[in-house]
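**Q** Contents of upload_33.txt (compact mmCIF, C-alpha atoms):
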```txt
# COMPACT_ATOMS: atom_id res chain seq x y z
CA MET A 1 144.60 112.44 142.01
CA GLU A 2 147.44 110.43 143.59
CA HIS A 3 147.47 107.50 146.02
CA GLY A 4 151.02 106.40 146.81
CA SER A 5 152.57 105.36 143.53
CA ILE A 6 149.22 105.49 141.64
CA THR A 7 148.18 108.61 139.69
CA LEU A 8 144.78 109.07 138.02
CA ILE A 9 144.47 111.48 135.09
CA LYS A 10 140.98 112.24 133.80
CA HIS A 11 140.84 111.33 130.12
CA GLY A 12 137.25 112.39 129.44
CA GLU A 13 133.60 112.05 130.31
CA LYS A 14 130.40 111.23 128.51
CA LEU A 15 126.70 111.74 129.16
CA LEU A 16 124.71 108.82 127.76
CA GLU A 17 121.04 109.30 126.96
CA LEU A 18 119.22 106.11 127.91
CA LEU A 19 115.62 105.51 126.89
CA GLU A 20 114.38 104.28 130.25
CA GLU A 21 116.24 106.92 132.30
CA GLU A 22 115.17 110.52 132.80
CA GLU A 23 118.71 111.78 133.49
CA PRO A 24 121.73 111.19 131.25
CA PHE A 25 124.11 108.51 132.51
CA HIS A 26 127.38 110.28 133.50
CA ILE A 27 130.54 108.22 132.87
CA GLU A 28 134.12 109.34 133.55
CA TYR A 29 137.24 107.77 132.04
CA PHE A 30 140.67 107.87 133.72
CA LEU A 31 144.22 106.93 132.79
CA ILE A 32 146.02 105.23 135.69
CA ILE A 33 149.77 105.62 136.01
CA ASN A 34 151.51 103.22 138.38
CA GLN A 35 154.96 104.57 139.18
CA GLU A 36 155.99 101.20 140.60
CA VAL A 37 158.04 100.45 137.55
CA ALA A 38 158.19 97.30 135.48
CA GLU A 39 161.66 96.94 133.95
CA GLY A 40 162.31 100.63 134.53
CA LYS A 41 159.03 101.89 133.05
CA PRO A 42 155.73 102.98 134.61
CA VAL A 43 152.73 100.74 134.04
CA TYR A 44 149.44 102.16 132.74
CA GLY A 45 145.85 101.17 133.29
CA LEU A 46 142.38 102.64 133.15
CA GLU A 47 139.25 103.27 135.14
CA VAL A 48 135.67 103.71 133.94
CA TYR A 49 133.48 105.30 136.62
CA SER A 50 129.71 105.86 136.85
CA VAL A 51 129.10 109.12 138.72
CA GLN A 52 125.43 108.39 139.61
CA GLU A 53 125.94 104.81 140.75
CA ARG A 54 129.35 105.47 142.30
CA THR A 55 130.69 102.27 140.82
CA GLY A 56 133.52 101.63 138.46
CA TYR A 57 135.77 99.20 136.69
CA ARG A 58 139.52 99.49 137.25
CA CYS A 59 142.38 97.69 135.56
CA GLU A 60 145.66 99.05 136.95
CA ASP A 61 148.55 97.18 135.34
CA LEU A 62 147.40 96.85 131.75
CA CYS A 63 150.36 97.92 129.61
CA VAL A 64 153.72 99.73 129.67
CA ASN A 65 152.76 101.67 126.52
CA ARG A 66 150.88 104.83 127.53
CA ALA A 67 149.75 105.62 123.97
CA SER A 68 148.10 102.20 123.61
CA VAL A 69 146.10 102.64 126.82
CA GLU A 70 145.13 106.18 125.81
CA GLU A 71 143.88 104.85 122.44
CA LEU A 72 141.81 102.24 124.26
CA LEU A 73 140.40 104.90 126.59
CA GLU A 74 139.47 107.08 123.62
CA MET A 75 137.68 104.16 121.92
CA MET A 76 135.81 103.45 125.17
CA LEU A 77 134.88 107.13 125.52
CA GLN A 78 133.62 107.38 121.93
CA GLY A 79 131.68 104.13 122.31
CA GLY A 80 130.12 105.10 125.62
CA VAL A 81 131.47 102.05 127.44
CA THR A 82 130.05 101.72 130.95
CA PRO A 83 131.67 100.13 134.03
CA THR A 84 129.47 97.09 133.46
CA THR A 85 130.82 96.43 129.97
CA ALA A 86 134.37 97.75 130.45
CA GLN A 87 135.83 94.39 131.54
CA ASP A 88 134.66 92.71 128.32
CA VAL A 89 136.09 95.55 126.22
CA VAL A 90 139.46 95.36 127.99
CA TYR A 91 139.53 91.57 127.58
CA ASP A 92 138.78 91.84 123.85
CA TRP A 93 141.46 94.52 123.48
CA LEU A 94 144.03 92.32 125.24
CA VAL A 95 143.18 89.37 123.00
CA ALA A 96 143.50 91.58 119.92
CA GLN A 97 146.93 92.81 121.14
CA THR A 98 148.27 89.28 121.55
CA THR A 99 146.67 87.53 118.57
CA PRO A 100 148.98 87.27 115.56
CA VAL A 101 147.68 88.63 112.26
CA TYR A 102 148.14 86.24 109.33
```
Show the structure stored in the file as structure tokens.
**A**
Amino acid sequence: MEHGSITLIKHGEKLLELLEEEEPFHIEYFLIINQEVAEGKPVYGLEVYSVQERTGYRCEDLCVNRASVEELLEMMLQGGVTPTTAQDVVYDWLVAQTTPVY
């Protein structure tokens, strides 16, 4: 799916079984590619979308390294991260990327 210089590529989806819900919770995960370049490179982001609730969390300009964003998306997919918790996960990931290891 494309909107101007933004391209969404579906990375995966997950059905979460929740105790209080009769239906599984359907979450979709997308890689966002922003062709508006930063220093000659595209910028990557992600979106986590709840199909039933039609809500999502989107972070467009996260990183210029596609592999890093894809790794984050895969961790979120495997962990069943929802749009509600996605912002905290992205924040923690950003802190981990910028914190020096001693």
**Q** Of the candidates A:Lys10, A:Ile27, A:Cys63, A:Lys41, which shows the shortest atom-to-atom distance to Thr98 (chain A), using all atoms listed in the file?
**A**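 Closest to Thr98 (chain A), using all atoms listed in the file: A:Cys63.
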**Q** Out of A:Thr84, A:Ile33, A:Leu72, A:Leu77, which residue has the shortest atom-to-atom distance to Thr55 (chain A) when counting all atoms listed in the file?
**A**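 Using all atoms listed in the file, the shortest distance to Thr55 (chain A) belongs to A:Thr84.
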**Q** Hey, what's within 12 Å of Gln87 (chain A) if we count all atoms listed in the file and toss same-chain stuff fewer than 2 positions away? As a VMD selection string, please?
**A** chain A and resid 46 to 48 56 to 59 62 76 81 to 85 89 to 94
**Q** As an exercise, work out the distance from CA of Phe30 (chain A) to CA of Gln97 (chain A) in Å and give it to one decimal place.
**A** 20.6 Å
**Q** Could you work out how far CA of Leu8 (chain A) lies from CA of Ala67 (chain A), giving the answer in Å with one decimal?
**A**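 Result for CA of Ala67 (chain A) versus CA of Leu8 (chain A): 15.3 Å, one decimal.
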**Q** So the first atom is CA of Val69 (chain A) and the second is CA of Glu17 (chain A); what is the distance between them in Å, to one decimal place?
**A**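 These atoms are spaced 25.9 Å apart.
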**Q** When you count all atoms listed in the file, which of these residues is closest to Glu13 (chain A): A:Ile32, A:Leu73, A:Val37, A:Val64?
**A**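 Under the stated criterion, the closest residue is A:Leu73.
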**Q** Residues within 9 Å of Gln35 (chain A), please, as a CSV table (one decimal) with C-alpha atoms, in the coordinates of the input. Count only C-alpha atoms; anything in the same chain fewer than 6 positions from it doesn't count.
**A**
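Output file around-v6.csv is given in full below:
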```csv
chain,number,residue,atom,x,y,z
A,4,GLY,CA,151.0,106.4,146.8
A,5,SER,CA,152.6,105.4,143.5
A,6,ILE,CA,149.2,105.5,141.6
A,7,THR,CA,148.2,108.6,139.7
A,41,LYS,CA,159.0,101.9,133.0
A,42,PRO,CA,155.7,103.0,134.6
A,43,VAL,CA,152.7,100.7,134.0
A,44,TYR,CA,149.4,102.2,132.7
```
**Q** Which residue gives the smallest distance to Glu70 (chain A) among A:Ala96, A:Leu15, A:Ala86, A:Leu31, with only C-alpha atoms counted?
**A** A:Leu31
**Q** Smallest atom-to-atom distance to Arg66 (chain A): which of A:Ile9, A:Val101, A:Glu39, A:Gly45, using all atoms listed in the file?
**A**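 Nearest to Arg66 (chain A): A:Gly45.
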